[in-house]
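So this one's input.tsv, TSV, N, CA and C atoms:
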```tsv
chain	number	residue	atom	x	y	z
A	19	MET	N	-69.13	88.87	74.72
A	19	MET	CA	-70.29	89.72	74.60
A	19	MET	C	-70.75	89.73	73.15
A	20	LYS	N	-72.05	89.68	72.94
A	20	LYS	CA	-72.57	89.71	71.59
A	20	LYS	C	-73.26	91.04	71.34
A	21	PRO	N	-73.17	91.57	70.12
A	21	PRO	CA	-73.80	92.84	69.84
A	21	PRO	C	-75.32	92.71	69.78
A	22	ALA	N	-76.01	93.74	70.21
A	22	ALA	CA	-77.46	93.74	70.16
A	22	ALA	C	-77.91	94.04	68.74
A	23	LEU	N	-78.86	93.27	68.24
A	23	LEU	CA	-79.35	93.47	66.89
A	23	LEU	C	-80.77	94.03	66.92
A	24	ILE	N	-81.11	94.72	67.97
A	24	ILE	CA	-82.46	95.23	68.17
A	24	ILE	C	-82.45	96.74	67.99
A	25	ASP	N	-83.53	97.29	67.46
A	25	ASP	CA	-83.55	98.73	67.23
A	25	ASP	C	-83.72	99.50	68.55
A	26	THR	N	-83.30	100.74	68.56
A	26	THR	CA	-83.25	101.55	69.78
A	26	THR	C	-84.61	101.75	70.45
A	27	PRO	N	-85.67	102.13	69.74
A	27	PRO	CA	-86.96	102.31	70.43
A	27	PRO	C	-87.47	101.02	71.08
A	28	GLN	N	-87.28	99.89	70.40
A	28	GLN	CA	-87.73	98.61	70.95
A	28	GLN	C	-86.89	98.24	72.17
A	29	LEU	N	-85.59	98.45	72.10
A	29	LEU	CA	-84.72	98.17	73.24
A	29	LEU	C	-85.09	99.04	74.42
A	30	SER	N	-85.33	100.31	74.18
A	30	SER	CA	-85.72	101.22	75.24
A	30	SER	C	-87.01	100.77	75.91
A	31	LYS	N	-87.99	100.37	75.10
A	31	LYS	CA	-89.28	99.91	75.62
A	31	LYS	C	-89.10	98.64	76.46
A	32	LEU	N	-88.29	97.70	75.97
A	32	LEU	CA	-88.05	96.45	76.71
A	32	LEU	C	-87.35	96.71	78.04
A	33	LEU	N	-86.33	97.56	78.03
A	33	LEU	CA	-85.59	97.85	79.26
A	33	LEU	C	-86.46	98.58	80.28
A	34	ARG	N	-87.23	99.55	79.82
A	34	ARG	CA	-88.12	100.28	80.74
A	34	ARG	C	-89.16	99.34	81.33
A	35	GLY	N	-89.71	98.44	80.50
A	35	GLY	CA	-90.69	97.47	80.98
A	35	GLY	C	-90.10	96.53	82.01
A	36	ALA	N	-88.89	96.07	81.77
A	36	ALA	CA	-88.22	95.17	82.71
A	36	ALA	C	-87.89	95.89	84.02
A	37	MET	N	-87.59	97.18	83.93
A	37	MET	CA	-87.25	97.95	85.12
A	37	MET	C	-88.47	98.25	85.98
A	38	LYS	N	-89.66	98.25	85.38
A	38	LYS	CA	-90.87	98.53	86.14
A	38	LYS	C	-91.10	97.51	87.25
A	39	ALA	N	-90.59	96.31	87.06
A	39	ALA	CA	-90.73	95.28	88.10
A	39	ALA	C	-89.91	95.65	89.33
A	40	GLY	N	-88.94	96.54	89.16
A	40	GLY	CA	-88.14	97.01	90.30
A	40	GLY	C	-86.98	96.11	90.66
A	41	LYS	N	-86.73	95.09	89.87
A	41	LYS	CA	-85.65	94.17	90.18
A	41	LYS	C	-84.52	94.36	89.17
A	42	PHE	N	-83.73	95.39	89.40
A	42	PHE	CA	-82.61	95.70	88.53
A	42	PHE	C	-81.50	96.36	89.33
A	43	THR	N	-80.31	96.39	88.75
A	43	THR	CA	-79.16	97.03	89.37
A	43	THR	C	-78.51	97.92	88.33
A	44	LEU	N	-78.18	99.14	88.71
A	44	LEU	CA	-77.51	100.08	87.82
A	44	LEU	C	-76.06	100.23	88.23
A	45	GLY	N	-75.17	100.29	87.26
A	45	GLY	CA	-73.76	100.52	87.54
A	45	GLY	C	-72.92	99.28	87.36
A	46	ALA	N	-71.70	99.47	86.90
A	46	ALA	CA	-70.83	98.34	86.59
A	46	ALA	C	-70.38	97.58	87.83
A	47	ARG	N	-69.89	98.30	88.83
A	47	ARG	CA	-69.39	97.62	90.04
A	47	ARG	C	-70.52	96.93	90.80
A	48	GLU	N	-71.67	97.60	90.86
A	48	GLU	CA	-72.82	97.01	91.54
A	48	GLU	C	-73.31	95.77	90.80
A	49	SER	N	-73.23	95.81	89.48
A	49	SER	CA	-73.69	94.68	88.67
A	49	SER	C	-72.82	93.45	88.84
A	50	VAL	N	-71.53	93.65	89.07
A	50	VAL	CA	-70.65	92.50	89.32
A	50	VAL	C	-71.14	91.74	90.55
A	51	SER	N	-71.52	92.47	91.58
A	51	SER	CA	-72.02	91.86	92.81
A	51	SER	C	-73.41	91.25	92.63
A	52	ALA	N	-74.21	91.82	91.73
A	52	ALA	CA	-75.60	91.39	91.57
A	52	ALA	C	-75.78	90.30	90.51
A	53	MET	N	-74.71	89.81	89.95
A	53	MET	CA	-74.81	88.80	88.88
A	53	MET	C	-75.44	87.49	89.35
A	54	LYS	N	-75.30	87.17	90.62
A	54	LYS	CA	-75.76	85.88	91.11
A	54	LYS	C	-77.23	85.63	90.83
A	55	GLY	N	-78.09	86.60	91.06
A	55	GLY	CA	-79.51	86.41	90.86
A	55	GLY	C	-80.05	87.00	89.58
A	56	ALA	N	-79.18	87.41	88.68
A	56	ALA	CA	-79.61	88.11	87.47
A	56	ALA	C	-79.93	87.15	86.33
A	57	LYS	N	-80.77	87.63	85.42
A	57	LYS	CA	-81.07	86.88	84.20
A	57	LYS	C	-80.32	87.46	83.01
A	58	ALA	N	-80.12	88.80	83.04
A	58	ALA	CA	-79.46	89.47	81.92
A	58	ALA	C	-78.71	90.70	82.40
A	59	ALA	N	-77.65	91.03	81.68
A	59	ALA	CA	-76.89	92.25	81.94
A	59	ALA	C	-76.65	92.95	80.61
A	60	VAL	N	-76.93	94.25	80.58
A	60	VAL	CA	-76.75	95.05	79.37
A	60	VAL	C	-75.57	95.98	79.61
A	61	CYS	N	-74.54	95.86	78.77
A	61	CYS	CA	-73.30	96.65	78.93
A	61	CYS	C	-73.15	97.62	77.77
A	62	THR	N	-72.70	98.82	78.07
A	62	THR	CA	-72.44	99.82	77.04
A	62	THR	C	-70.98	99.76	76.61
A	63	SER	N	-70.66	100.56	75.63
A	63	SER	CA	-69.28	100.63	75.16
A	63	SER	C	-68.41	101.46	76.10
A	64	SER	N	-69.01	102.09	77.12
A	64	SER	CA	-68.28	102.93	78.06
A	64	SER	C	-67.62	102.16	79.20
A	65	VAL	N	-67.86	100.87	79.29
A	65	VAL	CA	-67.30	100.07	80.39
A	65	VAL	C	-65.80	99.88	80.13
A	66	PRO	N	-64.95	100.20	81.11
A	66	PRO	CA	-63.50	100.00	80.94
A	66	PRO	C	-63.17	98.52	80.73
A	67	PRO	N	-62.18	98.21	79.90
A	67	PRO	CA	-61.85	96.82	79.58
A	67	PRO	C	-61.62	95.90	80.79
A	68	PRO	N	-60.91	96.32	81.84
A	68	PRO	CA	-60.74	95.40	82.97
A	68	PRO	C	-62.07	95.07	83.66
A	69	LEU	N	-62.93	96.05	83.77
A	69	LEU	CA	-64.24	95.84	84.39
A	69	LEU	C	-65.14	95.00	83.48
A	70	ALA	N	-65.02	95.21	82.17
A	70	ALA	CA	-65.79	94.42	81.21
A	70	ALA	C	-65.39	92.95	81.28
A	71	ALA	N	-64.10	92.70	81.44
A	71	ALA	CA	-63.63	91.32	81.56
A	71	ALA	C	-64.17	90.68	82.84
A	72	ARG	N	-64.20	91.44	83.92
A	72	ARG	CA	-64.73	90.94	85.20
A	72	ARG	C	-66.23	90.65	85.09
A	73	LEU	N	-66.96	91.53	84.41
A	73	LEU	CA	-68.39	91.32	84.19
A	73	LEU	C	-68.63	90.06	83.36
A	74	LYS	N	-67.84	89.90	82.33
A	74	LYS	CA	-67.98	88.72	81.46
A	74	LYS	C	-67.71	87.44	82.24
A	75	GLU	N	-66.70	87.47	83.08
A	75	GLU	CA	-66.34	86.31	83.91
A	75	GLU	C	-67.48	85.96	84.88
A	76	GLU	N	-68.02	86.97	85.55
A	76	GLU	CA	-69.11	86.74	86.51
A	76	GLU	C	-70.38	86.26	85.79
A	77	ALA	N	-70.66	86.83	84.62
A	77	ALA	CA	-71.84	86.42	83.86
A	77	ALA	C	-71.73	84.96	83.44
A	78	LYS	N	-70.55	84.57	83.00
A	78	LYS	CA	-70.33	83.18	82.60
A	78	LYS	C	-70.46	82.24	83.81
A	79	LYS	N	-69.91	82.68	84.92
A	79	LYS	CA	-69.94	81.88	86.15
A	79	LYS	C	-71.37	81.63	86.64
A	80	HIS	N	-72.24	82.65	86.51
A	80	HIS	CA	-73.61	82.55	87.01
A	80	HIS	C	-74.64	82.32	85.89
A	81	ASN	N	-74.16	82.03	84.67
A	81	ASN	CA	-75.04	81.74	83.53
A	81	ASN	C	-76.02	82.89	83.26
A	82	VAL	N	-75.49	84.09	83.14
A	82	VAL	CA	-76.28	85.29	82.88
A	82	VAL	C	-76.03	85.74	81.44
A	83	ALA	N	-77.10	86.08	80.73
A	83	ALA	CA	-76.97	86.58	79.37
A	83	ALA	C	-76.35	87.97	79.42
A	84	LEU	N	-75.22	88.14	78.75
A	84	LEU	CA	-74.52	89.43	78.74
A	84	LEU	C	-74.63	90.02	77.34
A	85	VAL	N	-75.26	91.18	77.25
A	85	VAL	CA	-75.50	91.83	75.96
A	85	VAL	C	-74.70	93.12	75.89
A	86	ASP	N	-73.88	93.23	74.87
A	86	ASP	CA	-73.07	94.43	74.66
A	86	ASP	C	-73.79	95.30	73.64
A	87	ILE	N	-74.18	96.50	74.03
A	87	ILE	CA	-74.87	97.40	73.12
A	87	ILE	C	-73.92	98.50	72.66
A	88	PRO	N	-74.06	98.94	71.42
A	88	PRO	CA	-73.14	99.95	70.87
A	88	PRO	C	-73.51	101.38	71.24
A	89	PHE	N	-73.87	101.61	72.49
A	89	PHE	CA	-74.24	102.94	72.96
A	89	PHE	C	-73.32	103.34	74.10
A	90	THR	N	-73.27	104.64	74.38
A	90	THR	CA	-72.50	105.13	75.52
A	90	THR	C	-73.37	105.06	76.77
A	91	SER	N	-72.76	105.30	77.91
A	91	SER	CA	-73.49	105.27	79.18
A	91	SER	C	-74.54	106.38	79.24
A	92	ALA	N	-74.26	107.51	78.62
A	92	ALA	CA	-75.24	108.61	78.60
A	92	ALA	C	-76.45	108.25	77.74
A	93	GLU	N	-76.21	107.56	76.63
A	93	GLU	CA	-77.31	107.14	75.75
A	93	GLU	C	-78.18	106.09	76.42
A	94	LEU	N	-77.58	105.16	77.16
A	94	LEU	CA	-78.36	104.15	77.87
A	94	LEU	C	-79.19	104.82	78.96
A	95	ALA	N	-78.60	105.77	79.67
A	95	ALA	CA	-79.33	106.50	80.71
A	95	ALA	C	-80.54	107.21	80.11
A	96	LYS	N	-80.37	107.81	78.96
A	96	LYS	CA	-81.48	108.50	78.30
A	96	LYS	C	-82.56	107.50	77.89
A	97	MET	N	-82.15	106.32	77.41
A	97	MET	CA	-83.10	105.29	77.00
A	97	MET	C	-83.99	104.82	78.15
A	98	ILE	N	-83.38	104.68	79.34
A	98	ILE	CA	-84.14	104.15	80.48
A	98	ILE	C	-84.73	105.25	81.36
A	99	GLY	N	-84.43	106.51	81.03
A	99	GLY	CA	-85.01	107.62	81.77
A	99	GLY	C	-84.28	107.95	83.06
A	100	SER	N	-83.00	107.64	83.14
A	100	SER	CA	-82.20	107.93	84.33
A	100	SER	C	-81.49	109.27	84.15
A	101	PRO	N	-81.42	110.08	85.20
A	101	PRO	CA	-80.71	111.36	85.09
A	101	PRO	C	-79.19	111.19	85.18
A	102	TYR	N	-78.73	109.98	85.50
A	102	TYR	CA	-77.29	109.71	85.65
A	102	TYR	C	-76.82	108.74	84.58
A	103	LYS	N	-75.54	108.80	84.25
A	103	LYS	CA	-74.96	107.86	83.29
A	103	LYS	C	-75.03	106.45	83.85
A	104	VAL	N	-75.36	105.49	82.98
A	104	VAL	CA	-75.48	104.09	83.38
A	104	VAL	C	-74.67	103.27	82.40
A	105	SER	N	-73.59	102.64	82.88
A	105	SER	CA	-72.76	101.86	81.99
A	105	SER	C	-73.19	100.40	81.91
A	106	VAL	N	-73.79	99.88	82.98
A	106	VAL	CA	-74.28	98.50	83.00
A	106	VAL	C	-75.63	98.46	83.72
A	107	LEU	N	-76.53	97.69	83.17
A	107	LEU	CA	-77.86	97.49	83.74
A	107	LEU	C	-78.06	96.00	83.90
A	108	THR	N	-78.25	95.53	85.12
A	108	THR	CA	-78.48	94.12	85.39
A	108	THR	C	-79.94	93.92	85.74
A	109	LEU	N	-80.58	92.97	85.06
A	109	LEU	CA	-82.00	92.70	85.26
A	109	LEU	C	-82.19	91.35	85.95
A	110	ARG	N	-82.91	91.36	87.07
A	110	ARG	CA	-83.20	90.12	87.79
A	110	ARG	C	-84.57	89.57	87.44
A	111	SER	N	-85.43	90.42	86.89
A	111	SER	CA	-86.78	90.01	86.54
A	111	SER	C	-87.09	90.48	85.12
A	112	ILE	N	-87.07	89.55	84.18
A	112	ILE	CA	-87.37	89.87	82.78
A	112	ILE	C	-88.04	88.64	82.17
A	113	SER	N	-89.03	88.86	81.34
A	113	SER	CA	-89.74	87.74	80.73
A	113	SER	C	-88.83	87.03	79.72
A	114	GLU	N	-89.12	85.78	79.48
A	114	GLU	CA	-88.32	85.00	78.53
A	114	GLU	C	-88.38	85.59	77.12
A	115	ALA	N	-89.55	86.09	76.73
A	115	ALA	CA	-89.71	86.69	75.40
A	115	ALA	C	-88.84	87.94	75.27
A	116	ASP	N	-88.85	88.78	76.30
A	116	ASP	CA	-88.02	89.99	76.29
A	116	ASP	C	-86.54	89.64	76.29
A	117	LEU	N	-86.18	88.63	77.05
A	117	LEU	CA	-84.78	88.19	77.11
A	117	LEU	C	-84.32	87.70	75.74
A	118	LYS	N	-85.15	86.95	75.05
A	118	LYS	CA	-84.81	86.48	73.71
A	118	LYS	C	-84.69	87.63	72.73
A	119	ALA	N	-85.57	88.63	72.87
A	119	ALA	CA	-85.52	89.79	71.98
A	119	ALA	C	-84.24	90.59	72.16
A	120	ILE	N	-83.80	90.71	73.40
A	120	ILE	CA	-82.57	91.47	73.67
A	120	ILE	C	-81.33	90.71	73.23
A	121	THR	N	-81.30	89.40	73.40
A	121	THR	CA	-80.10	88.62	73.14
A	121	THR	C	-80.04	88.01	71.75
A	122	ARG	N	-81.04	88.23	70.93
A	122	ARG	CA	-81.01	87.60	69.59
A	122	ARG	C	-79.92	88.12	68.71
```
Take the structure in this file and express it as structure tokens.
Amino acid sequence: MKPALIDTPQLSKLLRGAMKAGKFTLGARESVSAMKGAKAAVCTSSVPPPLAARLKEEAKKHNVALVDIPFTSAELAKMIGSPYKVSVLTLRSISEADLKAITR
């Protein structure tokens, strides 16, 4: 996993924009299953190590960009406007420019 080098307001805007397409999965366990059709997965520091290893393995297997952000699940939930904690966000529909911005 590589650290995100993008500022918080820009990351929040990119994630909300990507979520508007409606093709996303919230949650670590759900994201493991949804890796097959995903383009990117955003992981927080709240993901337990065994689950993080499984996510990394699935992302590598399906050639998905895996971005580790230095935020907690509550902070990611606040960024995307979710009332629930979100430890992993998998995006199936994201523009190439947004994907490059998140993974740079």
| field | Contacts of Ser113 of chain A within 8 Å, only N, CA and C atoms, excl. fewer than 6 positions in-chain, as an NGL selection string | value | :A and (35-36 or 119)
| request: Could you give me, as a PyMOL selection string, the residues within 8 Å of Ser64 of chain A, counting only C-alpha atoms and dropping anything in the same chain fewer than 3 positions from it? | output: chain A and resi 89-91+105
| query | Could you work out how far atom N of Asn81 of chain A lies from atom C of Lys118 of chain A, giving the answer in Å with one decimal? | reply |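 Computed distance, atom C of Lys118 of chain A to atom N of Asn81 of chain A, equals 16.9 Å.
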| query | Using all atoms listed in the file, which of A:Ser63, A:Ser100, A:Ser111, A:Gln28 sits nearest Gly40 of chain A? | reply |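 With all atoms listed in the file as the atom set, the closest residue is A:Ser111.
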| task | Based on DSSP run over this structure's backbone, return all residues of segment 29-115 of chain A in alpha helix (DSSP H), as an NGL selection string. | result | :A and (29-38 or 46-52 or 67-79 or 91-98 or 114-115)
| task | Starting from the point (-70.7, 94.4, 76.4), work out which residues of protein, DNA or RNA have an atom no more than 6 Å away when counting only C-alpha atoms; state them as a PyMOL selection string. | result | chain A and resi 19+61-62+85-86
| said: Please determine, counting only C-alpha atoms, which residue among A:Val104, A:Ala115, A:Ala56, A:Leu84 has the shortest atom-to-atom distance to Leu32 of chain A. | reply: A:Ala115
Write a file for segment 75-107 of chain A, containing N, CA and C atoms (output as a tab-separated table (two decimals), in the first residue's frame).
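Just written: part-v4.tsv:
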```tsv
chain	number	residue	atom	x	y	z
A	75	GLU	N	-3.69	-8.66	-1.15
A	75	GLU	CA	-3.57	-9.85	-2.00
A	75	GLU	C	-4.61	-9.83	-3.13
A	76	GLU	N	-5.86	-9.52	-2.78
A	76	GLU	CA	-6.93	-9.46	-3.78
A	76	GLU	C	-6.70	-8.33	-4.78
A	77	ALA	N	-6.23	-7.19	-4.29
A	77	ALA	CA	-5.97	-6.05	-5.17
A	77	ALA	C	-4.87	-6.39	-6.18
A	78	LYS	N	-3.84	-7.06	-5.71
A	78	LYS	CA	-2.75	-7.46	-6.59
A	78	LYS	C	-3.24	-8.49	-7.62
A	79	LYS	N	-4.05	-9.41	-7.16
A	79	LYS	CA	-4.59	-10.47	-8.02
A	79	LYS	C	-5.45	-9.90	-9.15
A	80	HIS	N	-6.24	-8.85	-8.85
A	80	HIS	CA	-7.16	-8.28	-9.83
A	80	HIS	C	-6.65	-6.95	-10.42
A	81	ASN	N	-5.38	-6.60	-10.14
A	81	ASN	CA	-4.76	-5.39	-10.68
A	81	ASN	C	-5.56	-4.13	-10.32
A	82	VAL	N	-5.84	-3.97	-9.04
A	82	VAL	CA	-6.59	-2.83	-8.52
A	82	VAL	C	-5.62	-1.92	-7.77
A	83	ALA	N	-5.72	-0.62	-8.01
A	83	ALA	CA	-4.89	0.35	-7.29
A	83	ALA	C	-5.36	0.40	-5.83
A	84	LEU	N	-4.46	0.13	-4.91
A	84	LEU	CA	-4.79	0.13	-3.49
A	84	LEU	C	-4.09	1.32	-2.83
A	85	VAL	N	-4.86	2.22	-2.28
A	85	VAL	CA	-4.33	3.45	-1.68
A	85	VAL	C	-4.58	3.42	-0.18
A	86	ASP	N	-3.51	3.56	0.58
A	86	ASP	CA	-3.60	3.58	2.03
A	86	ASP	C	-3.59	5.04	2.47
A	87	ILE	N	-4.65	5.49	3.11
A	87	ILE	CA	-4.71	6.87	3.57
A	87	ILE	C	-4.51	6.93	5.08
A	88	PRO	N	-3.86	7.97	5.57
A	88	PRO	CA	-3.56	8.07	7.00
A	88	PRO	C	-4.71	8.61	7.84
A	89	PHE	N	-5.91	8.14	7.57
A	89	PHE	CA	-7.09	8.58	8.31
A	89	PHE	C	-7.75	7.39	8.97
A	90	THR	N	-8.59	7.65	9.96
A	90	THR	CA	-9.36	6.59	10.61
A	90	THR	C	-10.64	6.35	9.81
A	91	SER	N	-11.35	5.29	10.15
A	91	SER	CA	-12.60	4.98	9.46
A	91	SER	C	-13.66	6.06	9.69
A	92	ALA	N	-13.64	6.68	10.86
A	92	ALA	CA	-14.59	7.76	11.15
A	92	ALA	C	-14.29	8.99	10.30
A	93	GLU	N	-13.01	9.28	10.10
A	93	GLU	CA	-12.62	10.43	9.28
A	93	GLU	C	-12.97	10.22	7.82
A	94	LEU	N	-12.79	8.99	7.31
A	94	LEU	CA	-13.17	8.70	5.93
A	94	LEU	C	-14.68	8.81	5.77
A	95	ALA	N	-15.43	8.32	6.73
A	95	ALA	CA	-16.89	8.42	6.68
A	95	ALA	C	-17.32	9.88	6.63
A	96	LYS	N	-16.69	10.72	7.40
A	96	LYS	CA	-17.02	12.15	7.41
A	96	LYS	C	-16.68	12.77	6.05
A	97	MET	N	-15.55	12.36	5.46
A	97	MET	CA	-15.13	12.89	4.16
A	97	MET	C	-16.14	12.59	3.06
A	98	ILE	N	-16.71	11.37	3.10
A	98	ILE	CA	-17.62	10.97	2.02
A	98	ILE	C	-19.08	11.20	2.38
A	99	GLY	N	-19.34	11.68	3.60
A	99	GLY	CA	-20.70	12.00	4.00
A	99	GLY	C	-21.52	10.81	4.45
A	100	SER	N	-20.86	9.78	4.95
A	100	SER	CA	-21.56	8.59	5.45
A	100	SER	C	-21.79	8.71	6.95
A	101	PRO	N	-22.96	8.30	7.43
A	101	PRO	CA	-23.21	8.35	8.88
A	101	PRO	C	-22.52	7.20	9.63
A	102	TYR	N	-21.96	6.24	8.90
A	102	TYR	CA	-21.32	5.07	9.51
A	102	TYR	C	-19.83	5.07	9.23
A	103	LYS	N	-19.06	4.44	10.10
A	103	LYS	CA	-17.62	4.32	9.88
A	103	LYS	C	-17.36	3.48	8.63
A	104	VAL	N	-16.37	3.90	7.84
A	104	VAL	CA	-16.03	3.22	6.60
A	104	VAL	C	-14.52	2.99	6.61
A	105	SER	N	-14.11	1.73	6.67
A	105	SER	CA	-12.68	1.44	6.72
A	105	SER	C	-12.08	1.25	5.33
A	106	VAL	N	-12.89	0.78	4.37
A	106	VAL	CA	-12.42	0.59	3.00
A	106	VAL	C	-13.52	1.04	2.04
A	107	LEU	N	-13.11	1.72	1.00
A	107	LEU	CA	-14.02	2.18	-0.05
A	107	LEU	C	-13.47	1.66	-1.37
```
